[in-house]
Amino acid sequence: MLKHLIHSSLSCLLPGPSLPSPPQSSKTNSRHTNLSMAAASGRIAVVGDTHNDWELEQDSLALQFLQAILETRMLSLLEALQILNLRKRLYLEIMMLGTLINSLQRRRMEYSFNWSAYGRLDFPRLKLSVVGGRPFTTGGDQLFRKKLLSARYGIKNMDASAMKICGAAKGTPQGHSIIFLGHNGPKGLGSNTNDICGKDWVYEGGDHGDPDLAQAISLVKETTKHTVPLVVFGHMHKELRFGGLRKMIHIGTDDTIYLNGAVVPRVKRLVDNEGSSRAFTLVEISGGKIMKITETWVSVSMGRAAIAEEHVLYSRSSDA
């Protein structure tokens with residue numbers, strides 16, 4: 001893994017049903033209708049730990065394909081966080097994001113580059129705010145890149161880091177739910193080798209979560225009225241060192257869902273042609289609640305994209 005790069009990314013899209021093959025026509029008459037009804041709903045695409053498995057052309061096509069389905073089958077695209085048209089060298093800090101919304105200018109994309117580390121990005125129409133955690137984290141109780149953290153962010157210890165994350169969340173607009181985003185997940189989610197942040201490189205296991213992120217989440221829950229439906233991260237790979245698979249979702253006692261998006265490798269080469277199948281973790285959110293999470297593989301070949309596999313990781317019952 002390139003230790004200086006962070007490999008998590010998000011794309012916020014409007015909701016839709018389970019992803020089918022794309023319709024024949026991309027025209028829609030409902031694109032700009034009833035926006036208020038869609039304001040509290042969205043779909044987030046998560047990519048964790050790319051490890052050189054991000055290809056601009058194919059991943060752009062895959063994301064465009066996902067957008068096309070959602071736009072033609074449901075309502076218009078309100079907010080999108082994408083990494084289209086960005087070079088991988090721009091992936092610094094927790095994640096690098098480009099914002100692409102039909103009429104927005106390049107300056108909006110450039111703005112989004114700097115918000116993620118100890119920052120917050122608000123989505124008023126979706127009533128969501130995304131709060132970024134500590135950059136350069138490699139998990140566990142020790143700060144990584146201490147000199148850089150101190151010089152750039154004034155962070156000298158875990159407590160200071162937790163307070164800075166809380167500071168980013170402090171200005172969250174009233175009525176917004178908060179999604180926390182980090183390269184690594186928080187401490188306290190289990191110490192078995194297959195737990196969501198468990199050490200799989202030693203037989204005895206251990207909790208490799210970040211204590212500052214855990215502290216910040218706890219403080220925000222205790223001191224604000226904002227709900228925290230989702231904490232999303234990567235770093236801890238799905239495939240374990242000594243065999244088996246990691247638990248990629250952990251549901252807290254207060255219904256916060258902790259999601260690990262590090263499906264590594266995230267690209268499978270197709271046997272019969274030059275294409276590939278590419279992994280995205282899709283999260284559907286409505287009214288501040290997580291409704292469904294799927295591990296979705298999109299096949300890209302000869303300029304076309306299609307759903308290859310879809311595995312449901314979580315589904316909320318309709319009466320929950």
# chains A, B, ... in the order shown; residues from 1 in each chain; ligands from 1

call {"tool": "residues_around", "arguments": {"residues": "range 160-164 of chain A", "least_positions_apart": "4", "cutoff": "12 Å", "atoms": "only C-alpha atoms", "output": "VMD selection string"}}
result
chain A and resid 117 to 120 131 to 135 137 142 to 144 146 149 to 150 153 to 156 168 to 170 186 210 to 220

call {"tool": "atom_distance", "arguments": {"atom1": "CA of Val228 in chain A", "atom2": "CA of Gly252 in chain A"}}
result
10.7 Å

call {"tool": "closest_residue", "arguments": {"among": "A:Gly188, A:Gly275, A:Gly48, A:Pro124", "to": "Pro173 in chain A", "atoms": "only C-alpha atoms"}}
result
A:Pro124

call {"tool": "atom_distance", "arguments": {"atom1": "CA of Ile307 in chain A", "atom2": "CA of Asp272 in chain A"}}
result
16.9 Å

call {"tool": "atom_distance", "arguments": {"atom1": "CA of Pro265 in chain A", "atom2": "CA of Asp53 in chain A"}}
result
7.2 Å

call {"tool": "residues_around", "arguments": {"residues": "Met291 in chain A", "least_positions_apart": "2", "cutoff": "6 Å", "atoms": "only C-alpha atoms", "output": "PyMOL selection string"}}
result
chain A and resi 284-285+315-316

call {"tool": "decode", "arguments": {"residues": "range 240-264 of chain A", "atoms": "N, CA and C atoms", "output": "PDB file, in the first residue's frame"}}
result
ATOM      1  N   LEU A 240      -8.591 -11.650   4.675  1.00  0.00           N
ATOM      2  CA  LEU A 240      -7.706 -11.704   5.830  1.00  0.00           C
ATOM      3  C   LEU A 240      -6.362 -12.347   5.491  1.00  0.00           C
ATOM      4  N   ARG A 241      -5.364 -11.984   6.262  1.00  0.00           N
ATOM      5  CA  ARG A 241      -3.998 -12.438   6.009  1.00  0.00           C
ATOM      6  C   ARG A 241      -3.878 -13.963   6.009  1.00  0.00           C
ATOM      7  N   PHE A 242      -4.539 -14.614   6.953  1.00  0.00           N
ATOM      8  CA  PHE A 242      -4.408 -16.069   7.085  1.00  0.00           C
ATOM      9  C   PHE A 242      -5.644 -16.805   6.570  1.00  0.00           C
ATOM     10  N   GLY A 243      -6.390 -16.144   5.699  1.00  0.00           N
ATOM     11  CA  GLY A 243      -7.565 -16.772   5.112  1.00  0.00           C
ATOM     12  C   GLY A 243      -8.856 -16.315   5.765  1.00  0.00           C
ATOM     13  N   GLY A 244      -9.920 -16.401   5.013  1.00  0.00           N
ATOM     14  CA  GLY A 244     -11.217 -15.973   5.516  1.00  0.00           C
ATOM     15  C   GLY A 244     -11.517 -14.528   5.143  1.00  0.00           C
ATOM     16  N   LEU A 245     -12.700 -14.081   5.537  1.00  0.00           N
ATOM     17  CA  LEU A 245     -13.160 -12.755   5.201  1.00  0.00           C
ATOM     18  C   LEU A 245     -13.482 -11.939   6.444  1.00  0.00           C
ATOM     19  N   ARG A 246     -13.266 -10.656   6.336  1.00  0.00           N
ATOM     20  CA  ARG A 246     -13.537  -9.731   7.426  1.00  0.00           C
ATOM     21  C   ARG A 246     -15.024  -9.361   7.465  1.00  0.00           C
ATOM     22  N   LYS A 247     -15.507  -9.077   8.653  1.00  0.00           N
ATOM     23  CA  LYS A 247     -16.838  -8.485   8.806  1.00  0.00           C
ATOM     24  C   LYS A 247     -16.747  -7.030   8.346  1.00  0.00           C
ATOM     25  N   MET A 248     -17.482  -6.681   7.309  1.00  0.00           N
ATOM     26  CA  MET A 248     -17.363  -5.350   6.729  1.00  0.00           C
ATOM     27  C   MET A 248     -18.389  -4.365   7.284  1.00  0.00           C
ATOM     28  N   ILE A 249     -19.307  -4.849   8.103  1.00  0.00           N
ATOM     29  CA  ILE A 249     -20.307  -3.990   8.737  1.00  0.00           C
ATOM     30  C   ILE A 249     -20.389  -4.324  10.214  1.00  0.00           C
ATOM     31  N   HIS A 250     -20.477  -3.284  11.030  1.00  0.00           N
ATOM     32  CA  HIS A 250     -20.711  -3.438  12.463  1.00  0.00           C
ATOM     33  C   HIS A 250     -21.843  -2.495  12.838  1.00  0.00           C
ATOM     34  N   ILE A 251     -22.861  -3.011  13.495  1.00  0.00           N
ATOM     35  CA  ILE A 251     -23.994  -2.185  13.908  1.00  0.00           C
ATOM     36  C   ILE A 251     -23.905  -1.935  15.404  1.00  0.00           C
ATOM     37  N   GLY A 252     -23.798  -0.652  15.781  1.00  0.00           N
ATOM     38  CA  GLY A 252     -23.673  -0.286  17.183  1.00  0.00           C
ATOM     39  C   GLY A 252     -24.988  -0.425  17.926  1.00  0.00           C
ATOM     40  N   THR A 253     -24.913  -0.364  19.246  1.00  0.00           N
ATOM     41  CA  THR A 253     -26.108  -0.498  20.073  1.00  0.00           C
ATOM     42  C   THR A 253     -27.081   0.652  19.856  1.00  0.00           C
ATOM     43  N   ASP A 254     -26.588   1.780  19.331  1.00  0.00           N
ATOM     44  CA  ASP A 254     -27.450   2.933  19.060  1.00  0.00           C
ATOM     45  C   ASP A 254     -27.807   3.028  17.579  1.00  0.00           C
ATOM     46  N   ASP A 255     -27.611   1.934  16.854  1.00  0.00           N
ATOM     47  CA  ASP A 255     -27.982   1.809  15.438  1.00  0.00           C
ATOM     48  C   ASP A 255     -27.042   2.526  14.479  1.00  0.00           C
ATOM     49  N   THR A 256     -25.955   3.109  14.947  1.00  0.00           N
ATOM     50  CA  THR A 256     -24.946   3.617  14.015  1.00  0.00           C
ATOM     51  C   THR A 256     -24.328   2.439  13.279  1.00  0.00           C
ATOM     52  N   ILE A 257     -24.209   2.571  11.966  1.00  0.00           N
ATOM     53  CA  ILE A 257     -23.612   1.522  11.154  1.00  0.00           C
ATOM     54  C   ILE A 257     -22.182   1.917  10.799  1.00  0.00           C
ATOM     55  N   TYR A 258     -21.255   1.034  11.091  1.00  0.00           N
ATOM     56  CA  TYR A 258     -19.848   1.231  10.767  1.00  0.00           C
ATOM     57  C   TYR A 258     -19.553   0.389   9.537  1.00  0.00           C
ATOM     58  N   LEU A 259     -19.104   1.040   8.467  1.00  0.00           N
ATOM     59  CA  LEU A 259     -18.938   0.373   7.186  1.00  0.00           C
ATOM     60  C   LEU A 259     -17.496   0.456   6.707  1.00  0.00           C
ATOM     61  N   ASN A 260     -16.923  -0.699   6.424  1.00  0.00           N
ATOM     62  CA  ASN A 260     -15.575  -0.801   5.882  1.00  0.00           C
ATOM     63  C   ASN A 260     -15.690  -1.044   4.374  1.00  0.00           C
ATOM     64  N   GLY A 261     -15.136  -0.138   3.576  1.00  0.00           N
ATOM     65  CA  GLY A 261     -15.235  -0.263   2.129  1.00  0.00           C
ATOM     66  C   GLY A 261     -14.006  -0.836   1.457  1.00  0.00           C
ATOM     67  N   ALA A 262     -13.083  -1.416   2.240  1.00  0.00           N
ATOM     68  CA  ALA A 262     -11.812  -1.880   1.676  1.00  0.00           C
ATOM     69  C   ALA A 262     -11.939  -3.269   1.057  1.00  0.00           C
ATOM     70  N   VAL A 263     -12.643  -3.342  -0.070  1.00  0.00           N
ATOM     71  CA  VAL A 263     -12.690  -4.571  -0.854  1.00  0.00           C
ATOM     72  C   VAL A 263     -11.451  -4.568  -1.742  1.00  0.00           C
ATOM     73  N   VAL A 264     -10.473  -5.405  -1.382  1.00  0.00           N
ATOM     74  CA  VAL A 264      -9.163  -5.387  -2.046  1.00  0.00           C
ATOM     75  C   VAL A 264      -8.779  -6.817  -2.432  1.00  0.00           C
TER      76      VAL A 264
END
